[in-house]
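The structure appears below as structure tokens.
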2 protein chains.
Amino acid sequence: MTPDEGIYLGVDIGGTKVLAAEVGADGQVVATARRTTPGRRVEVALVEDALTEAVQEVAAGRPIAGVGLAAAGFVDASGERVMFAPHLPWRGDPTRSRLADRWDTTVVLDNDANCAVRAEGVYGVARGAEDIVMVTLGTGIGGAVVVGGRIHRGRNGMAGEFGHMQVLPDGAPCECGGFGCWEQYCSGNALVRFVRTRLGRVPTVLEQWCEGDGERLTGPMVTTAAEHDDPVALQAFESVGDWLGVGLANLVAALDPEVVVIGGGVSAAGDLLLEPARSALVRSLVGAGHRQVPPVHPARFGPHAGVVGAAHLARSTS
Amino acid sequence: MTPDEGIYLGVDIGGTKVLAAEVGADGQVVATARRTTPGRRVEVALVEDALTEAVQEVAAGRPIAGVGLAAAGFVDASGERVMFAPHLPWRGDPTRSRLADRWDTTVVLDNDANCAVRAEGVYGVARGAEDIVMVTLGTGIGGAVVVGGRIHRGRNGMAGEFGHMQVLPDGAPCECGGFGCWEQYCSGNALVRFVRTRLGRVPTVLEQWCEGDGERLTGPMVTTAAEHDDPVALQAFESVGDWLGVGLANLVAALDPEVVVIGGGVSAAGDLLLEPARSALVRSLVGAGHRQVPPVHPARFGPHAGVVGAAHLARSTS
């Protein structure tokens, strides 16, 4: 199919927002549209309406050759259904086929982190690597494992769910039903929670930015404040970055990858996040002095990795 | 090479003992010899002398076609050296070639858990599985990962070092230099430590068995006491089994295997260990109600899995 016969879109469905993008054959993001994710306790149809609006806005009436969906949840091994998603309402619905019918085009579905690692492995910072660990930090944590150049999916298609590895016994309760999951300490939510517990106790510019209402705080606000040297925001990144490195050390001990890639919205903070993570990785990794410790790279496509990989998947499938 | 031209041996080098075995083509253990491991602070030559004695005892003057070494440590990707082993003195020595010269036969070297998973995948409880997680509980924890039917080694050959994944921040100090490593809570050492801290405080038959001296306690003593319903020994297995399941939940979240296999000396306790582990796995695993939770099998070859796999490796290589 030539570009004249339609555009390819990637759609990243996260816990807080939907991002749709037209993506070129070279991985270039050409146009985007955003919607707020309706939340996990609403009707599935509301989420699918939001996706449809975002896709239509990007397409702007042009023919669509294929859409790749990157979902923040467990996608079955055949790529038909979102089986379970802590931040989304799908529970085994036939999402792929329903949206293919609704949009009258080819639709493919994969986990968001699998899409992100595809983007980085094909076009980005992990190009050529055979063994990759990818961690995406958004509302929660997504993850993907590449072994021998192939995305490892596992029996249920659920490999790479790093966010719900327990890092603290009897720790903070998690939306998944567990306690002390990694994403409670290392995610956009964790960043916001760190600041929220300090509002009114420690001086921070974020106090004004959210008008004293912690509920209005967002991850991007914390990133911007840290970039302006706000001490509480900097501490939040120190904490989240340290937990990132501790968790990475566990994954590197288990998988010994060539390269680690950090994506998702929080990765936009760059070295504010990655420097403490690299320190903690070396500190925590078994036998660090007797091995090559993998580099920890920010995703080239940053928060666009999911849509770029999803569009590549659609392009490869059509 | 026909059997007449020599026997194949597997040698398992753990933190407390060396086990050498003649292994038949069907995986059958024909004869064994044991030595105490000299320890990690001694000369490397002492460990290699112990291996030589055990090999010579099993061979009893017969020609040797090949020896497979299963070492409880990090083996480099080319199978030449033990790069680092928390419980053994090797630090990058050319172990394979040195022992091949000394014994004048083919010698192959791999990590003990990689050997164990080979035994179980070829002859045992994981036969035919493409994606396997194997955890061996001995002095410490060993681990192996099979993805797509192949042992995953990683960049440094160090994949599968599950024992040093941190499960408790600022937890018990570990021989690896870290704190709160999984094997501090889930291993033969952990079993013994659990009982040791209760001697003289809680009635237990182990008090007499070790004559009140906790240093004399061993893992097999705790297993025997538990089999005789000693309450402290049973509690020790509840604790170690629970930690086993919690750690397995982390590995299953990351890797989503078809089957989990538990080997090593501690696995001889069977359901005393595995029942609490299975409960904790289901309790701790993200999305357990929305996925097929992998079965947790005891290794068919139990404490012999390492030697059987090592001998198979030697047989495949010769």
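Lettering and numbering for the structure tokens are positional, with chains as A, B, ... in the shown order, residues counted from 1 in each chain, and ligands counted from 1 in the shown order.
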
message = With 9 Å as the limit and counting only C-alpha atoms, what residues in chain B lie close to chain A? Please list them as a PyMOL selection string.
response = chain B and resi 74+83-86+91-92+131+143-145+147-148+152-169+176-179+246-247+249-258+283-287+290-294

Residue subset to file, keeping C-alpha atoms, as an mmCIF file, in the first residue's frame:
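Final output, saved to selection.cif:
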data_model
loop_
_atom_site.group_PDB
_atom_site.id
_atom_site.type_symbol
_atom_site.label_atom_id
_atom_site.label_comp_id
_atom_site.auth_asym_id
_atom_site.auth_seq_id
_atom_site.Cartn_x
_atom_site.Cartn_y
_atom_site.Cartn_z
ATOM 1 C CA PHE B 74 28.279 -16.199 37.128
ATOM 2 C CA MET B 83 33.477 -14.586 36.812
ATOM 3 C CA PHE B 84 32.058 -14.128 40.288
ATOM 4 C CA ALA B 85 30.450 -16.423 42.825
ATOM 5 C CA PRO B 86 29.265 -15.177 46.218
ATOM 6 C CA ARG B 91 37.028 -14.571 40.205
ATOM 7 C CA GLY B 92 37.508 -14.900 36.468
ATOM 8 C CA ASP B 131 9.161 -20.464 28.370
ATOM 9 C CA GLY B 143 17.959 -19.148 38.604
ATOM 10 C CA ALA B 144 17.546 -19.753 34.915
ATOM 11 C CA VAL B 145 15.317 -18.373 32.190
ATOM 12 C CA VAL B 147 12.632 -18.137 26.374
ATOM 13 C CA GLY B 148 11.390 -19.635 23.122
ATOM 14 C CA HIS B 152 18.605 -16.957 27.960
ATOM 15 C CA ARG B 153 22.141 -16.014 28.983
ATOM 16 C CA GLY B 154 22.221 -12.249 28.580
ATOM 17 C CA ARG B 155 25.035 -9.892 27.682
ATOM 18 C CA ASN B 156 27.456 -11.121 30.368
ATOM 19 C CA GLY B 157 26.108 -14.655 30.647
ATOM 20 C CA MET B 158 24.661 -13.604 34.015
ATOM 21 C CA ALA B 159 20.923 -13.756 33.341
ATOM 22 C CA GLY B 160 18.907 -15.606 35.984
ATOM 23 C CA GLU B 161 20.660 -14.253 39.070
ATOM 24 C CA PHE B 162 17.369 -14.026 40.898
ATOM 25 C CA GLY B 163 18.879 -14.535 44.342
ATOM 26 C CA HIS B 164 20.150 -10.989 44.452
ATOM 27 C CA MET B 165 16.959 -9.262 43.472
ATOM 28 C CA GLN B 166 16.130 -6.978 46.393
ATOM 29 C CA VAL B 167 12.909 -7.958 48.154
ATOM 30 C CA LEU B 168 13.298 -5.830 51.295
ATOM 31 C CA PRO B 169 14.899 -2.364 51.205
ATOM 32 C CA CYS B 176 27.057 -10.128 47.483
ATOM 33 C CA GLY B 177 27.451 -6.768 49.228
ATOM 34 C CA GLY B 178 23.794 -5.846 48.909
ATOM 35 C CA PHE B 179 20.990 -5.714 51.443
ATOM 36 C CA VAL B 246 6.365 -13.512 46.587
ATOM 37 C CA GLY B 247 9.576 -13.579 44.560
ATOM 38 C CA ALA B 249 5.172 -13.436 41.562
ATOM 39 C CA ASN B 250 7.739 -10.797 40.589
ATOM 40 C CA LEU B 251 9.379 -13.132 38.080
ATOM 41 C CA VAL B 252 6.045 -14.250 36.638
ATOM 42 C CA ALA B 253 4.930 -10.605 36.286
ATOM 43 C CA ALA B 254 8.108 -9.890 34.324
ATOM 44 C CA LEU B 255 8.362 -13.092 32.277
ATOM 45 C CA ASP B 256 4.923 -14.785 32.181
ATOM 46 C CA PRO B 257 6.364 -18.312 31.830
ATOM 47 C CA GLU B 258 4.439 -21.494 31.033
ATOM 48 C CA ARG B 283 -1.913 -13.775 46.327
ATOM 49 C CA SER B 284 0.935 -11.603 45.008
ATOM 50 C CA LEU B 285 0.714 -11.985 41.233
ATOM 51 C CA VAL B 286 -0.777 -9.049 39.361
ATOM 52 C CA GLY B 287 -3.967 -9.918 37.482
ATOM 53 C CA HIS B 290 -7.247 -12.662 34.548
ATOM 54 C CA ARG B 291 -4.452 -15.010 33.475
ATOM 55 C CA GLN B 292 -3.269 -18.579 33.587
ATOM 56 C CA VAL B 293 -1.021 -18.748 36.631
ATOM 57 C CA PRO B 294 1.874 -21.098 35.834
#

query = Looking only at the backbone, which of the residues in region 1-169 of chain B does DSSP tag as strand (DSSP E), as number ranges by chain?
reply = B: 7-13, 17-23, 29-36, 64-71, 74-75, 82-84, 106-111, 132-137, 141-147, 150-151

Next, write the just-selected residues to a file, as a compact mmCIF listing (two decimals), in the first residue's frame, keeping C-alpha atoms as the atom set.
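As written to disk, selection-v4.txt reads:
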# COMPACT_ATOMS: atom_id res chain seq x y z
CA ILE B 7 31.50 -42.27 30.90
CA TYR B 8 29.91 -38.84 31.19
CA LEU B 9 29.96 -37.00 34.49
CA GLY B 10 28.15 -34.01 35.84
CA VAL B 11 29.63 -32.06 38.76
CA ASP B 12 27.54 -29.58 40.76
CA ILE B 13 29.64 -27.08 42.70
CA LYS B 17 29.04 -29.24 48.79
CA VAL B 18 30.40 -30.69 45.58
CA LEU B 19 28.35 -33.46 43.99
CA ALA B 20 29.85 -35.50 41.15
CA ALA B 21 27.75 -38.06 39.27
CA GLU B 22 27.99 -40.48 36.42
CA VAL B 23 24.89 -39.88 34.29
CA VAL B 29 22.20 -40.97 37.82
CA VAL B 30 24.36 -44.11 38.00
CA ALA B 31 26.90 -43.27 40.72
CA THR B 32 27.72 -40.25 42.88
CA ALA B 33 30.46 -38.85 45.10
CA ARG B 34 30.35 -35.87 47.44
CA ARG B 35 32.87 -33.48 48.93
CA THR B 36 32.49 -30.44 51.18
CA ILE B 64 35.98 -40.27 31.04
CA ALA B 65 34.35 -39.08 27.81
CA GLY B 66 33.35 -35.70 29.18
CA VAL B 67 32.60 -33.74 32.33
CA GLY B 68 30.00 -31.01 32.69
CA LEU B 69 30.52 -28.53 35.52
CA ALA B 70 27.52 -26.80 37.05
CA ALA B 71 28.81 -23.87 39.12
CA PHE B 74 28.28 -16.20 37.13
CA VAL B 75 29.78 -18.06 34.19
CA VAL B 82 33.42 -18.37 36.69
CA MET B 83 33.48 -14.59 36.81
CA PHE B 84 32.06 -14.13 40.29
CA THR B 106 36.40 -32.62 27.47
CA VAL B 107 35.13 -30.23 30.14
CA VAL B 108 32.19 -27.87 29.72
CA LEU B 109 31.07 -25.26 32.23
CA ASP B 110 27.76 -23.57 32.85
CA ASN B 111 25.86 -21.94 35.65
CA ILE B 132 10.44 -21.64 31.75
CA VAL B 133 11.54 -19.99 34.98
CA MET B 134 13.70 -22.20 37.16
CA VAL B 135 14.67 -21.32 40.72
CA THR B 136 17.15 -23.50 42.59
CA LEU B 137 17.22 -23.23 46.36
CA ILE B 141 19.27 -19.02 45.11
CA GLY B 142 20.18 -19.84 41.55
CA GLY B 143 17.96 -19.15 38.60
CA ALA B 144 17.55 -19.75 34.91
CA VAL B 145 15.32 -18.37 32.19
CA VAL B 146 14.26 -20.26 29.08
CA VAL B 147 12.63 -18.14 26.37
CA ARG B 150 16.48 -21.53 24.55
CA ILE B 151 18.38 -20.75 27.74

ask   = What lies within 9 Å of region 266-276 of chain A using only C-alpha atoms, ignoring chain neighbours under 5 positions off, as a ChimeraX atom specification?
value = /A:136-139,187-188,191,219-220,223-224,226-227,234,237-245,281,296-299,302-303

Requested write-out: N, CA and C atoms of the selected residues, as a PDB file, in the first residue's frame:
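Generated output (part04.pdb):
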ATOM      1  N   THR A 136       8.569   1.913  30.824  1.00  0.00           N
ATOM      2  CA  THR A 136       7.891   3.171  30.508  1.00  0.00           C
ATOM      3  C   THR A 136       7.233   3.701  31.772  1.00  0.00           C
ATOM      4  N   LEU A 137       7.548   4.949  32.093  1.00  0.00           N
ATOM      5  CA  LEU A 137       7.003   5.587  33.286  1.00  0.00           C
ATOM      6  C   LEU A 137       5.956   6.604  32.879  1.00  0.00           C
ATOM      7  N   GLY A 138       4.708   6.248  33.130  1.00  0.00           N
ATOM      8  CA  GLY A 138       3.607   7.173  32.883  1.00  0.00           C
ATOM      9  C   GLY A 138       2.827   7.269  34.184  1.00  0.00           C
ATOM     10  N   THR A 139       1.501   7.156  34.090  1.00  0.00           N
ATOM     11  CA  THR A 139       0.688   7.083  35.302  1.00  0.00           C
ATOM     12  C   THR A 139       1.231   5.967  36.193  1.00  0.00           C
ATOM     13  N   SER A 187       6.865   6.273  39.241  1.00  0.00           N
ATOM     14  CA  SER A 187       5.885   6.526  38.177  1.00  0.00           C
ATOM     15  C   SER A 187       5.489   7.992  38.262  1.00  0.00           C
ATOM     16  N   GLY A 188       4.691   8.419  37.302  1.00  0.00           N
ATOM     17  CA  GLY A 188       4.149   9.767  37.371  1.00  0.00           C
ATOM     18  C   GLY A 188       3.310   9.959  38.621  1.00  0.00           C
ATOM     19  N   LEU A 191       5.551  10.440  41.631  1.00  0.00           N
ATOM     20  CA  LEU A 191       6.136  11.778  41.619  1.00  0.00           C
ATOM     21  C   LEU A 191       5.168  12.789  42.241  1.00  0.00           C
ATOM     22  N   GLY A 219       2.164  15.280  36.909  1.00  0.00           N
ATOM     23  CA  GLY A 219       3.562  14.926  36.680  1.00  0.00           C
ATOM     24  C   GLY A 219       4.308  16.012  35.909  1.00  0.00           C
ATOM     25  N   PRO A 220       3.765  16.484  34.792  1.00  0.00           N
ATOM     26  CA  PRO A 220       4.474  17.531  34.042  1.00  0.00           C
ATOM     27  C   PRO A 220       4.737  18.794  34.879  1.00  0.00           C
ATOM     28  N   THR A 223       7.829  18.047  36.821  1.00  0.00           N
ATOM     29  CA  THR A 223       8.999  18.109  35.935  1.00  0.00           C
ATOM     30  C   THR A 223       9.425  19.559  35.704  1.00  0.00           C
ATOM     31  N   THR A 224       8.462  20.407  35.370  1.00  0.00           N
ATOM     32  CA  THR A 224       8.790  21.819  35.110  1.00  0.00           C
ATOM     33  C   THR A 224       9.379  22.469  36.357  1.00  0.00           C
ATOM     34  N   ALA A 226      11.024  21.018  38.743  1.00  0.00           N
ATOM     35  CA  ALA A 226      12.383  20.496  38.947  1.00  0.00           C
ATOM     36  C   ALA A 226      13.356  21.173  37.992  1.00  0.00           C
ATOM     37  N   GLU A 227      12.906  21.429  36.780  1.00  0.00           N
ATOM     38  CA  GLU A 227      13.768  22.110  35.808  1.00  0.00           C
ATOM     39  C   GLU A 227      14.076  23.543  36.251  1.00  0.00           C
ATOM     40  N   LEU A 234      12.851  18.528  42.947  1.00  0.00           N
ATOM     41  CA  LEU A 234      14.122  17.825  42.757  1.00  0.00           C
ATOM     42  C   LEU A 234      14.198  16.589  43.648  1.00  0.00           C
ATOM     43  N   PHE A 237      12.189  13.755  42.152  1.00  0.00           N
ATOM     44  CA  PHE A 237      12.907  13.027  41.107  1.00  0.00           C
ATOM     45  C   PHE A 237      14.035  12.175  41.682  1.00  0.00           C
ATOM     46  N   GLU A 238      14.692  12.663  42.739  1.00  0.00           N
ATOM     47  CA  GLU A 238      15.718  11.841  43.406  1.00  0.00           C
ATOM     48  C   GLU A 238      15.103  10.533  43.901  1.00  0.00           C
ATOM     49  N   SER A 239      13.931  10.657  44.531  1.00  0.00           N
ATOM     50  CA  SER A 239      13.274   9.478  45.094  1.00  0.00           C
ATOM     51  C   SER A 239      12.812   8.524  43.989  1.00  0.00           C
ATOM     52  N   VAL A 240      12.098   9.072  43.011  1.00  0.00           N
ATOM     53  CA  VAL A 240      11.582   8.224  41.925  1.00  0.00           C
ATOM     54  C   VAL A 240      12.747   7.637  41.125  1.00  0.00           C
ATOM     55  N   GLY A 241      13.786   8.431  40.889  1.00  0.00           N
ATOM     56  CA  GLY A 241      14.952   7.942  40.151  1.00  0.00           C
ATOM     57  C   GLY A 241      15.682   6.844  40.915  1.00  0.00           C
ATOM     58  N   ASP A 242      15.791   7.013  42.236  1.00  0.00           N
ATOM     59  CA  ASP A 242      16.451   5.985  43.039  1.00  0.00           C
ATOM     60  C   ASP A 242      15.667   4.669  42.983  1.00  0.00           C
ATOM     61  N   TRP A 243      14.361   4.755  43.131  1.00  0.00           N
ATOM     62  CA  TRP A 243      13.541   3.540  43.022  1.00  0.00           C
ATOM     63  C   TRP A 243      13.621   2.947  41.618  1.00  0.00           C
ATOM     64  N   LEU A 244      13.743   3.802  40.622  1.00  0.00           N
ATOM     65  CA  LEU A 244      13.898   3.294  39.259  1.00  0.00           C
ATOM     66  C   LEU A 244      15.158   2.432  39.177  1.00  0.00           C
ATOM     67  N   GLY A 245      16.272   2.948  39.723  1.00  0.00           N
ATOM     68  CA  GLY A 245      17.524   2.202  39.665  1.00  0.00           C
ATOM     69  C   GLY A 245      17.485   0.912  40.458  1.00  0.00           C
ATOM     70  N   LEU A 281      21.313   1.880  40.230  1.00  0.00           N
ATOM     71  CA  LEU A 281      21.526   0.627  39.494  1.00  0.00           C
ATOM     72  C   LEU A 281      22.898   0.053  39.833  1.00  0.00           C
ATOM     73  N   VAL A 296      21.722   3.036  30.545  1.00  0.00           N
ATOM     74  CA  VAL A 296      20.302   3.378  30.740  1.00  0.00           C
ATOM     75  C   VAL A 296      20.024   4.612  29.889  1.00  0.00           C
ATOM     76  N   HIS A 297      19.337   4.400  28.769  1.00  0.00           N
ATOM     77  CA  HIS A 297      19.084   5.488  27.820  1.00  0.00           C
ATOM     78  C   HIS A 297      17.652   5.995  27.953  1.00  0.00           C
ATOM     79  N   PRO A 298      17.457   7.303  27.807  1.00  0.00           N
ATOM     80  CA  PRO A 298      16.077   7.780  27.633  1.00  0.00           C
ATOM     81  C   PRO A 298      15.592   7.373  26.243  1.00  0.00           C
ATOM     82  N   ALA A 299      14.331   7.008  26.147  1.00  0.00           N
ATOM     83  CA  ALA A 299      13.756   6.654  24.851  1.00  0.00           C
ATOM     84  C   ALA A 299      13.940   7.814  23.884  1.00  0.00           C
ATOM     85  N   GLY A 302      10.714   9.367  23.460  1.00  0.00           N
ATOM     86  CA  GLY A 302      10.107   9.886  24.679  1.00  0.00           C
ATOM     87  C   GLY A 302       8.651   9.466  24.774  1.00  0.00           C
ATOM     88  N   PRO A 303       7.760  10.415  25.057  1.00  0.00           N
ATOM     89  CA  PRO A 303       6.350  10.055  25.199  1.00  0.00           C
ATOM     90  C   PRO A 303       5.687   9.648  23.877  1.00  0.00           C
TER      91      PRO A 303
END

Could you pull out the residues in region 99-136 of chain A that DSSP calls alpha helix (DSSP H) from the backbone, as a short mmCIF file (atom, residue, chain, number, x, y, z; two decimals) with N, CA and C atoms, in the first residue's frame?
data_model
loop_
_atom_site.label_atom_id
_atom_site.label_comp_id
_atom_site.auth_asym_id
_atom_site.auth_seq_id
_atom_site.Cartn_x
_atom_site.Cartn_y
_atom_site.Cartn_z
N LEU A 99 -13.07 -2.13 17.13
CA LEU A 99 -12.62 -0.84 16.58
C LEU A 99 -12.31 -0.96 15.09
N ALA A 100 -11.86 -2.12 14.65
CA ALA A 100 -11.64 -2.33 13.20
C ALA A 100 -12.97 -2.18 12.46
N ASP A 101 -14.03 -2.75 13.04
CA ASP A 101 -15.36 -2.61 12.42
C ASP A 101 -15.80 -1.15 12.45
N ARG A 102 -15.64 -0.52 13.60
CA ARG A 102 -16.12 0.85 13.77
C ARG A 102 -15.40 1.81 12.84
N TRP A 103 -14.08 1.60 12.69
CA TRP A 103 -13.27 2.53 11.89
C TRP A 103 -13.11 2.07 10.44
N ASP A 112 1.32 -1.20 25.43
CA ASP A 112 2.02 0.06 25.13
C ASP A 112 3.54 -0.05 25.21
N ALA A 113 4.01 -0.79 26.17
CA ALA A 113 5.48 -0.90 26.30
C ALA A 113 6.06 -1.76 25.19
N ASN A 114 5.32 -2.77 24.74
CA ASN A 114 5.79 -3.54 23.58
C ASN A 114 5.89 -2.64 22.35
N CYS A 115 4.91 -1.73 22.21
CA CYS A 115 4.97 -0.77 21.10
C CYS A 115 6.18 0.15 21.25
N ALA A 116 6.42 0.61 22.48
CA ALA A 116 7.52 1.54 22.72
C ALA A 116 8.87 0.87 22.42
N VAL A 117 9.02 -0.38 22.84
CA VAL A 117 10.31 -1.04 22.60
C VAL A 117 10.48 -1.33 21.11
N ARG A 118 9.38 -1.53 20.41
CA ARG A 118 9.44 -1.70 18.96
C ARG A 118 9.97 -0.42 18.31
N ALA A 119 9.44 0.72 18.74
CA ALA A 119 9.89 2.01 18.18
C ALA A 119 11.38 2.20 18.44
N GLU A 120 11.81 1.93 19.67
CA GLU A 120 13.22 2.16 20.02
C GLU A 120 14.14 1.14 19.36
N GLY A 121 13.66 -0.08 19.19
CA GLY A 121 14.48 -1.11 18.56
C GLY A 121 14.58 -0.92 17.05
N VAL A 122 13.52 -0.39 16.43
CA VAL A 122 13.53 -0.20 14.96
C VAL A 122 14.20 1.12 14.59
#

Could you name the residues that touch Leu217 (chain B) at 9 Å or less, counting only C-alpha atoms, but leaving out those on the same chain fewer than 3 positions away, as a tab-separated table (two decimals) with N, CA and C atoms, in the first residue's frame?
chain	number	residue	atom	x	y	z
B	192	VAL	N	17.83	-22.18	57.82
B	192	VAL	CA	18.64	-22.40	59.02
B	192	VAL	C	18.61	-21.16	59.92
B	193	ARG	N	18.70	-19.98	59.29
B	193	ARG	CA	18.74	-18.75	60.09
B	193	ARG	C	17.42	-18.57	60.84
B	195	VAL	N	15.46	-20.86	62.03
B	195	VAL	CA	15.45	-21.73	63.21
B	195	VAL	C	16.44	-21.22	64.26
B	196	ARG	N	17.63	-20.81	63.80
B	196	ARG	CA	18.69	-20.39	64.71
B	196	ARG	C	18.22	-19.27	65.64
B	206	LEU	N	14.95	-29.51	67.09
B	206	LEU	CA	16.24	-29.13	66.50
B	206	LEU	C	17.24	-28.69	67.58
B	209	TRP	N	18.95	-31.79	68.32
B	209	TRP	CA	19.68	-32.31	67.16
B	209	TRP	C	21.00	-31.56	66.93
B	210	CYS	N	20.98	-30.26	67.27
B	210	CYS	CA	22.23	-29.51	67.08
B	210	CYS	C	22.94	-29.28	68.41
B	213	ASP	N	23.72	-25.84	69.67
B	213	ASP	CA	24.67	-25.01	68.94
B	213	ASP	C	24.13	-24.72	67.54
B	214	GLY	N	23.59	-23.52	67.37
B	214	GLY	CA	22.97	-23.14	66.11
B	214	GLY	C	23.90	-23.27	64.92
B	220	PRO	N	19.09	-29.71	55.65
B	220	PRO	CA	18.46	-31.04	55.71
B	220	PRO	C	17.93	-31.38	57.10
B	221	MET	N	18.58	-30.90	58.19
B	221	MET	CA	18.05	-31.14	59.53
B	221	MET	C	16.68	-30.46	59.67
B	222	VAL	N	16.56	-29.26	59.15
B	222	VAL	CA	15.29	-28.54	59.25
B	222	VAL	C	14.20	-29.27	58.45
